[in-house]
Number of protein chains: 2
Amino acid sequence: MDEDAPGATGGPKSTSVIRPTDEASLRLARRLVREGRYAALSVIEPDGGHPFVSRVLTGTDIDGVPVILASMLATHTKALLDDPRCALLLGEPGRGDPLAWPRITLRCVAERIVHDSESDARIRSRFLRRHPKAKLYAGFRDFAFVRLVPKSASLNGGFGRAYIISGEDLVIDSPLNGYLGVQELQIIEDIARRRGEGADALARHYFHEKTDNWCINGIDAEGLDLARKEKSRRIDFTNRVSDLNGLIEEYSNLLNRCGEN
Amino acid sequence: MDEDAPGATGGPKSTSVIRPTDEASLRLARRLVREGRYAALSVIEPDGGHPFVSRVLTGTDIDGVPVILASMLATHTKALLDDPRCALLLGEPGRGDPLAWPRITLRCVAERIVHDSESDARIRSRFLRRHPKAKLYAGFRDFAFVRLVPKSASLNGGFGRAYIISGEDLVIDSPLNGYLGVQELQIIEDIARRRGEGADALARHYFHEKTDNWCINGIDAEGLDLARKEKSRRIDFTNRVSDLNGLIEEYSNLLNRCGEN
């Protein structure tokens, strides 16, 4: 592992040290990956090995691994079929200095998902809840989902805040993944039916959002994905859960903390 | 040259054809490069050849070539010193679907600028007018400017609007470059002294901006860079100019068109 981080050009102090990874940096790294709606994908072109970079929509699989929906005709897809190594830059700047905003670079290996497999169904359902407009072309046979499995990451939390994150720290390793992969939509619909206003309460309490009509569009063993129009918000559970009771308890705790139950 | 463009996953029609390059697509390509304030830079890491991508601030040289200010400790700088081939993704999305917004991928070769050279002075001056906060670290000896000379580009103007652009079409080839490279700041200051409100008039007329205190922070043989806080706006001259009289005439024409003179 090299001793520097991406965007280390950010400031005089940012190049000197990698900070020790702590809970806050892990939380930030995971949030950047899981809240992301789009990213810059870097690949190596097959003919001559020139680097290439393009914008892609991103989602996550039930284990937190980023996914893209790739056209077989796109430059990046052809490149990934030839060499599955790639890098993904997530985390978009807001107003002011772009280098003051946190971003993360994941070094990944791409895994193409077989059409009509269980993984395809699970990833498709999650991705299209995050990007409903992608339904227009997601069904075409020359599009396929691709998992971009992180092997390591460089987190730049803003000037002078560089961290190295392991790939494992970005993957959700839970015995509940298999169950959630099949039952996730059912659980989301159950939650919405029983307390549909819960998502608004969460958005209000945890993110000071003033709008209504938030929905939960993802649930995994480490937390919830909230969404409203093009906005994504990630809420982490206090602990990673390993069974359904744990999930229900963590969800209730989140609601309790914002005065709902 | 391959027959597809970056982000071709954008829609069902976007993968089928590359459109013929026309004046509008060239203008869009140049605007994305010259208005850009930051970009995703894709490189190949020296150890093992893994692709890497990070966020960089961008400016342009007097000939329109993108430049970055690189820390010698940054991952992307080490990579570029080992293999100068890189790719740059410019053009940021606004609200709504990220793939509906235009972006361009440049395939570039990096050229490190020698400290204290004429090129260094010219690029430094331009870059720091665009990014005044970079003055904090631009003087450090382990930072250097790097020109990213475009060899070809893939423009994606939004769904179904893909173009291949040549590197030459993004470079300003004018006999005036040498003069402007030395005299640019003087010209900008002259303009500001004689009609300081001119930049506001241009921003109002060409971009419907309602704010005051715009300034010209770059002038080259193809047009002007307007700026206000973190906003950049590019105005093209009708024709590329080759001498100072042509420049003055084109600038006057711009002002005349918005009722100023």
# chains A, B, ... in the order shown; residues from 1 in each chain; ligands from 1
>>> select_by_dssp(residues="stretch 66-227 of chain B", states="strand (DSSP E)", output="VMD selection string")
chain B and resid 66 to 71 85 to 90 103 to 112 143 to 156 162 to 166 215 to 220 223 to 227
>>> write_last_selection(atoms="N, CA and C atoms", output="compact mmCIF listing (two decimals), in the first residue's frame")
# COMPACT_ATOMS: atom_id res chain seq x y z
N PRO B 66 -5.69 21.73 -20.66
CA PRO B 66 -5.96 21.68 -19.22
C PRO B 66 -4.66 21.57 -18.41
N VAL B 67 -4.66 22.20 -17.25
CA VAL B 67 -3.51 22.09 -16.34
C VAL B 67 -3.99 21.74 -14.95
N ILE B 68 -3.12 21.05 -14.22
CA ILE B 68 -3.36 20.78 -12.80
C ILE B 68 -2.14 21.22 -12.01
N LEU B 69 -2.32 21.39 -10.71
CA LEU B 69 -1.23 21.70 -9.81
C LEU B 69 -1.02 20.44 -8.97
N ALA B 70 0.10 19.76 -9.22
CA ALA B 70 0.28 18.41 -8.67
C ALA B 70 1.30 18.39 -7.54
N SER B 71 0.92 17.74 -6.44
CA SER B 71 1.87 17.49 -5.35
C SER B 71 2.71 16.28 -5.70
N ARG B 85 0.45 8.93 -19.55
CA ARG B 85 -0.88 8.82 -20.13
C ARG B 85 -1.95 8.92 -19.05
N CYS B 86 -2.99 9.66 -19.31
CA CYS B 86 -4.05 9.84 -18.32
C CYS B 86 -5.34 10.19 -19.03
N ALA B 87 -6.42 10.23 -18.26
CA ALA B 87 -7.71 10.66 -18.80
C ALA B 87 -8.35 11.60 -17.80
N LEU B 88 -9.11 12.55 -18.33
CA LEU B 88 -9.69 13.60 -17.51
C LEU B 88 -11.18 13.68 -17.83
N LEU B 89 -12.01 13.57 -16.80
CA LEU B 89 -13.46 13.69 -16.97
C LEU B 89 -13.91 15.05 -16.45
N LEU B 90 -14.46 15.84 -17.35
CA LEU B 90 -14.91 17.20 -17.01
C LEU B 90 -16.39 17.36 -17.31
N ARG B 103 -20.78 15.80 -20.45
CA ARG B 103 -19.44 15.61 -19.87
C ARG B 103 -18.51 15.19 -20.99
N ILE B 104 -17.23 15.35 -20.73
CA ILE B 104 -16.25 15.00 -21.75
C ILE B 104 -15.10 14.25 -21.10
N THR B 105 -14.63 13.22 -21.78
CA THR B 105 -13.44 12.49 -21.34
C THR B 105 -12.31 12.80 -22.30
N LEU B 106 -11.22 13.37 -21.77
CA LEU B 106 -10.04 13.64 -22.60
C LEU B 106 -9.01 12.55 -22.36
N ARG B 107 -8.48 12.01 -23.45
CA ARG B 107 -7.30 11.16 -23.34
C ARG B 107 -6.09 12.08 -23.49
N CYS B 108 -5.25 12.13 -22.46
CA CYS B 108 -4.18 13.13 -22.43
C CYS B 108 -2.83 12.49 -22.20
N VAL B 109 -1.80 13.29 -22.49
CA VAL B 109 -0.44 12.97 -22.08
C VAL B 109 0.06 14.12 -21.21
N ALA B 110 0.59 13.77 -20.04
CA ALA B 110 1.01 14.79 -19.07
C ALA B 110 2.40 15.32 -19.39
N GLU B 111 2.54 16.64 -19.23
CA GLU B 111 3.84 17.31 -19.40
C GLU B 111 4.12 18.14 -18.17
N ARG B 112 5.13 17.75 -17.41
CA ARG B 112 5.45 18.49 -16.20
C ARG B 112 6.12 19.82 -16.55
N PHE B 143 5.33 21.05 -5.22
CA PHE B 143 4.17 21.14 -6.11
C PHE B 143 4.67 21.62 -7.48
N ALA B 144 4.06 21.12 -8.52
CA ALA B 144 4.43 21.57 -9.86
C ALA B 144 3.18 21.56 -10.74
N PHE B 145 3.17 22.46 -11.71
CA PHE B 145 2.09 22.46 -12.68
C PHE B 145 2.35 21.39 -13.73
N VAL B 146 1.27 20.80 -14.20
CA VAL B 146 1.35 19.75 -15.21
C VAL B 146 0.32 20.06 -16.29
N ARG B 147 0.77 20.12 -17.53
CA ARG B 147 -0.15 20.24 -18.67
C ARG B 147 -0.65 18.86 -19.06
N LEU B 148 -1.95 18.75 -19.28
CA LEU B 148 -2.52 17.47 -19.72
C LEU B 148 -2.97 17.66 -21.17
N VAL B 149 -2.07 17.33 -22.08
CA VAL B 149 -2.29 17.64 -23.50
C VAL B 149 -3.26 16.63 -24.12
N PRO B 150 -4.41 17.10 -24.60
CA PRO B 150 -5.43 16.17 -25.11
C PRO B 150 -5.03 15.57 -26.46
N LYS B 151 -5.16 14.26 -26.57
CA LYS B 151 -4.87 13.55 -27.82
C LYS B 151 -6.17 13.18 -28.55
N SER B 152 -7.21 12.93 -27.79
CA SER B 152 -8.54 12.70 -28.36
C SER B 152 -9.53 12.84 -27.22
N ALA B 153 -10.80 12.92 -27.56
CA ALA B 153 -11.80 13.08 -26.51
C ALA B 153 -13.10 12.42 -26.91
N SER B 154 -13.84 11.97 -25.90
CA SER B 154 -15.18 11.44 -26.11
C SER B 154 -16.14 12.38 -25.40
N LEU B 155 -17.01 12.99 -26.18
CA LEU B 155 -17.99 13.93 -25.64
C LEU B 155 -19.33 13.23 -25.53
N ASN B 156 -19.94 13.33 -24.37
CA ASN B 156 -21.30 12.82 -24.23
C ASN B 156 -22.18 14.00 -23.83
N ALA B 162 -23.48 11.37 -28.51
CA ALA B 162 -22.07 11.03 -28.34
C ALA B 162 -21.26 11.47 -29.55
N TYR B 163 -20.09 11.99 -29.27
CA TYR B 163 -19.21 12.52 -30.33
C TYR B 163 -17.77 12.15 -30.02
N ILE B 164 -16.98 11.97 -31.06
CA ILE B 164 -15.54 11.85 -30.92
C ILE B 164 -14.93 13.19 -31.34
N ILE B 165 -14.07 13.74 -30.49
CA ILE B 165 -13.44 15.04 -30.77
C ILE B 165 -11.93 14.80 -30.86
N SER B 166 -11.30 15.45 -31.81
CA SER B 166 -9.84 15.28 -31.92
C SER B 166 -9.15 16.15 -30.88
N CYS B 215 -15.65 39.12 -12.92
CA CYS B 215 -14.40 39.63 -13.48
C CYS B 215 -13.94 38.72 -14.62
N ILE B 216 -13.10 39.27 -15.47
CA ILE B 216 -12.45 38.46 -16.50
C ILE B 216 -11.20 37.90 -15.84
N ASN B 217 -11.08 36.57 -15.80
CA ASN B 217 -9.84 36.05 -15.22
C ASN B 217 -8.97 35.28 -16.20
N GLY B 218 -9.40 35.28 -17.46
CA GLY B 218 -8.55 34.69 -18.49
C GLY B 218 -8.95 35.24 -19.85
N ILE B 219 -7.98 35.42 -20.71
CA ILE B 219 -8.28 35.85 -22.08
C ILE B 219 -7.30 35.13 -23.00
N ASP B 220 -7.82 34.51 -24.04
CA ASP B 220 -6.97 33.80 -24.98
C ASP B 220 -7.48 34.07 -26.38
N GLY B 223 -11.36 33.32 -26.77
CA GLY B 223 -12.43 33.87 -25.94
C GLY B 223 -11.99 34.30 -24.56
N LEU B 224 -12.99 34.46 -23.69
CA LEU B 224 -12.79 34.99 -22.34
C LEU B 224 -13.25 33.99 -21.29
N ASP B 225 -12.59 34.00 -20.14
CA ASP B 225 -13.08 33.29 -18.97
C ASP B 225 -13.61 34.32 -17.98
N LEU B 226 -14.91 34.22 -17.70
CA LEU B 226 -15.51 35.08 -16.67
C LEU B 226 -15.58 34.30 -15.37
N ALA B 227 -15.48 35.00 -14.24
CA ALA B 227 -15.57 34.31 -12.96
C ALA B 227 -16.20 35.20 -11.91
>>> select_by_dssp(residues="stretch 122-231 of chain A", states="helix (DSSP H, G or I)", output="ChimeraX atom specification")
/A:122-130,132-138,168-170,177-194,198-207
>>> write_last_selection(atoms="N, CA and C atoms", output="CSV table (one decimal), in the first residue's frame")
chain,number,residue,atom,x,y,z
A,122,ARG,N,-31.7,-9.5,-7.4
A,122,ARG,CA,-31.5,-8.7,-6.2
A,122,ARG,C,-30.9,-7.3,-6.5
A,123,ILE,N,-29.9,-7.3,-7.3
A,123,ILE,CA,-29.2,-6.1,-7.7
A,123,ILE,C,-30.1,-5.2,-8.5
A,124,ARG,N,-30.8,-5.8,-9.4
A,124,ARG,CA,-31.7,-5.0,-10.3
A,124,ARG,C,-32.8,-4.3,-9.5
A,125,SER,N,-33.4,-5.0,-8.6
A,125,SER,CA,-34.4,-4.5,-7.7
A,125,SER,C,-33.9,-3.3,-6.9
A,126,ARG,N,-32.7,-3.5,-6.3
A,126,ARG,CA,-32.1,-2.4,-5.5
A,126,ARG,C,-31.7,-1.2,-6.4
A,127,PHE,N,-31.1,-1.5,-7.5
A,127,PHE,CA,-30.6,-0.4,-8.4
A,127,PHE,C,-31.8,0.4,-9.0
A,128,LEU,N,-32.9,-0.3,-9.3
A,128,LEU,CA,-34.0,0.5,-10.0
A,128,LEU,C,-34.8,1.2,-8.9
A,129,ARG,N,-34.7,0.8,-7.7
A,129,ARG,CA,-35.4,1.7,-6.6
A,129,ARG,C,-34.5,2.9,-6.5
A,130,ARG,N,-33.2,2.8,-6.6
A,130,ARG,CA,-32.4,4.1,-6.5
A,130,ARG,C,-32.5,4.9,-7.8
A,132,PRO,N,-35.0,5.0,-10.7
A,132,PRO,CA,-36.2,4.5,-11.4
A,132,PRO,C,-36.1,4.8,-12.9
A,133,LYS,N,-35.5,5.9,-13.3
A,133,LYS,CA,-35.4,6.1,-14.8
A,133,LYS,C,-34.6,5.1,-15.6
A,134,ALA,N,-33.7,4.4,-14.9
A,134,ALA,CA,-32.9,3.4,-15.6
A,134,ALA,C,-33.8,2.2,-16.0
A,135,LYS,N,-35.1,2.2,-15.6
A,135,LYS,CA,-36.0,1.1,-16.1
A,135,LYS,C,-36.1,1.2,-17.6
A,136,LEU,N,-35.9,2.3,-18.2
A,136,LEU,CA,-36.1,2.5,-19.6
A,136,LEU,C,-35.1,1.6,-20.4
A,137,TYR,N,-34.0,1.3,-19.8
A,137,TYR,CA,-33.0,0.5,-20.6
A,137,TYR,C,-32.4,-0.7,-19.8
A,138,ALA,N,-32.8,-0.8,-18.6
A,138,ALA,CA,-32.2,-1.9,-17.7
A,138,ALA,C,-32.6,-3.3,-18.2
A,168,GLU,N,-12.2,-4.9,2.9
A,168,GLU,CA,-13.1,-5.6,3.8
A,168,GLU,C,-14.0,-4.6,4.6
A,169,ASP,N,-13.4,-3.5,5.0
A,169,ASP,CA,-14.1,-2.6,5.8
A,169,ASP,C,-15.3,-1.9,5.1
A,170,LEU,N,-15.3,-2.1,3.8
A,170,LEU,CA,-16.4,-1.5,3.0
A,170,LEU,C,-17.5,-2.6,2.6
A,177,ASN,N,-27.3,-11.5,5.0
A,177,ASN,CA,-27.3,-11.0,3.6
A,177,ASN,C,-28.2,-11.9,2.7
A,178,GLY,N,-28.1,-13.2,2.9
A,178,GLY,CA,-28.8,-14.1,2.0
A,178,GLY,C,-30.3,-13.9,2.1
A,179,TYR,N,-30.8,-13.8,3.4
A,179,TYR,CA,-32.2,-13.6,3.6
A,179,TYR,C,-32.7,-12.3,3.1
A,180,LEU,N,-31.9,-11.2,3.4
A,180,LEU,CA,-32.2,-9.9,2.9
A,180,LEU,C,-32.2,-9.7,1.4
A,181,GLY,N,-31.3,-10.5,0.8
A,181,GLY,CA,-31.2,-10.4,-0.7
A,181,GLY,C,-32.5,-10.8,-1.3
A,182,VAL,N,-33.2,-11.7,-0.7
A,182,VAL,CA,-34.5,-12.2,-1.2
A,182,VAL,C,-35.7,-11.4,-0.7
A,183,GLN,N,-35.6,-11.1,0.6
A,183,GLN,CA,-36.8,-10.5,1.3
A,183,GLN,C,-36.8,-9.0,1.4
A,184,GLU,N,-35.8,-8.3,0.9
A,184,GLU,CA,-35.6,-6.9,1.2
A,184,GLU,C,-36.8,-6.1,0.8
A,185,LEU,N,-37.4,-6.3,-0.4
A,185,LEU,CA,-38.5,-5.5,-0.9
A,185,LEU,C,-39.7,-5.7,0.0
A,186,GLN,N,-39.9,-6.9,0.4
A,186,GLN,CA,-41.0,-7.3,1.3
A,186,GLN,C,-40.9,-6.5,2.6
A,187,ILE,N,-39.7,-6.5,3.2
A,187,ILE,CA,-39.5,-5.8,4.4
A,187,ILE,C,-39.7,-4.3,4.3
A,188,ILE,N,-39.2,-3.7,3.2
A,188,ILE,CA,-39.4,-2.3,2.9
A,188,ILE,C,-40.9,-2.0,2.8
A,189,GLU,N,-41.6,-2.9,2.1
A,189,GLU,CA,-43.1,-2.6,1.9
A,189,GLU,C,-43.8,-2.8,3.2
A,190,ASP,N,-43.4,-3.8,4.1
A,190,ASP,CA,-44.1,-4.0,5.4
A,190,ASP,C,-43.9,-2.7,6.2
A,191,ILE,N,-42.6,-2.2,6.2
A,191,ILE,CA,-42.3,-1.0,7.0
A,191,ILE,C,-43.2,0.2,6.6
A,192,ALA,N,-43.3,0.3,5.2
A,192,ALA,CA,-44.0,1.5,4.7
A,192,ALA,C,-45.5,1.3,5.0
A,193,ARG,N,-46.0,0.1,5.0
A,193,ARG,CA,-47.4,-0.1,5.3
A,193,ARG,C,-47.7,0.2,6.8
A,194,ARG,N,-46.9,-0.2,7.6
A,194,ARG,CA,-47.1,-0.1,9.0
A,194,ARG,C,-46.9,1.3,9.6
A,198,GLY,N,-42.6,7.0,8.8
A,198,GLY,CA,-41.3,6.8,9.5
A,198,GLY,C,-40.1,7.4,8.8
A,199,ALA,N,-40.1,7.2,7.4
A,199,ALA,CA,-39.0,7.7,6.6
A,199,ALA,C,-38.8,9.2,6.8
A,200,ASP,N,-40.0,9.9,6.7
A,200,ASP,CA,-39.9,11.4,6.9
A,200,ASP,C,-39.4,11.8,8.3
A,201,ALA,N,-39.8,11.0,9.3
A,201,ALA,CA,-39.3,11.3,10.6
A,201,ALA,C,-37.8,11.1,10.7
A,202,LEU,N,-37.3,10.0,10.1
A,202,LEU,CA,-35.9,9.8,10.1
A,202,LEU,C,-35.1,10.9,9.3
A,203,ALA,N,-35.6,11.3,8.2
A,203,ALA,CA,-34.9,12.3,7.4
A,203,ALA,C,-34.9,13.6,8.2
A,204,ARG,N,-36.0,13.9,8.9
A,204,ARG,CA,-36.1,15.1,9.7
A,204,ARG,C,-35.1,15.1,10.8
A,205,HIS,N,-35.1,14.0,11.6
A,205,HIS,CA,-34.3,13.9,12.8
A,205,HIS,C,-32.8,13.8,12.5
A,206,TYR,N,-32.5,12.9,11.5
A,206,TYR,CA,-31.0,12.6,11.3
A,206,TYR,C,-30.4,13.6,10.4
A,207,PHE,N,-31.2,14.2,9.5
A,207,PHE,CA,-30.5,15.0,8.4
A,207,PHE,C,-31.1,16.4,8.4
>>> atom_distance(atom1="atom CA of A:Pro46", atom2="atom CA of A:Thr75")
9.3 Å
>>> residues_around(residues="stretch 241-244 of chain B", least_positions_apart="4", cutoff="7 Å", atoms="only C-alpha atoms", output="MDAnalysis selection string")
chainID B and resid 174:176 221:222 248
>>> write_last_selection(atoms="C-alpha atoms", output="PDB file, in the first residue's frame")
ATOM      1  CA  SER B 174      -2.761  30.975 -32.678  1.00  0.00           C
ATOM      2  CA  PRO B 175       0.298  33.150 -33.388  1.00  0.00           C
ATOM      3  CA  LEU B 176      -1.017  35.356 -30.586  1.00  0.00           C
ATOM      4  CA  ALA B 221      -7.197  33.751 -28.750  1.00  0.00           C
ATOM      5  CA  GLU B 222     -10.615  32.056 -28.721  1.00  0.00           C
ATOM      6  CA  ILE B 248      -9.655  44.058 -29.341  1.00  0.00           C
TER       7      ILE B 248
END
>>> atom_distance(atom1="atom CA of B:Asp22", atom2="atom CA of B:Gly157")
12.4 Å
>>> closest_residue(among="B:Asn239, B:Thr77, B:Ser54, B:Thr60", to="chain A", atoms="only C-alpha atoms")
B:Ser54
>>> closest_residue(among="A:Glu209, A:Asp142, A:Asp82, A:Glu249", to="chain B", atoms="only C-alpha atoms")
A:Asp142
>>> closest_residue(among="B:Arg141, B:Arg228, B:His50, B:Arg30", to="chain A", atoms="only C-alpha atoms")
B:His50
>>> atom_distance(atom1="atom CA of A:Lys210", atom2="atom CA of A:Leu254")
18.1 Å
>>> closest_residue(among="A:Val114, A:Val33, A:Leu81, A:Val43", to="chain B", atoms="only C-alpha atoms")
A:Val43
>>> residues_around(residues="A:Ala100", least_positions_apart="3", cutoff="6 Å", atoms="only C-alpha atoms", output="PyMOL selection string")
chain A and resi 97+158-159
>>> write_last_selection(atoms="N, CA and C atoms", output="CSV table (one decimal), in the first residue's frame")
chain,number,residue,atom,x,y,z
A,97,ASP,N,-14.7,25.5,-2.2
A,97,ASP,CA,-13.5,24.7,-2.7
A,97,ASP,C,-13.8,23.3,-2.9
A,158,GLY,N,-11.1,15.8,3.2
A,158,GLY,CA,-10.9,17.2,3.1
A,158,GLY,C,-9.5,17.5,3.4
A,159,PHE,N,-9.1,18.7,3.4
A,159,PHE,CA,-7.7,19.1,3.6
A,159,PHE,C,-7.1,18.4,4.8
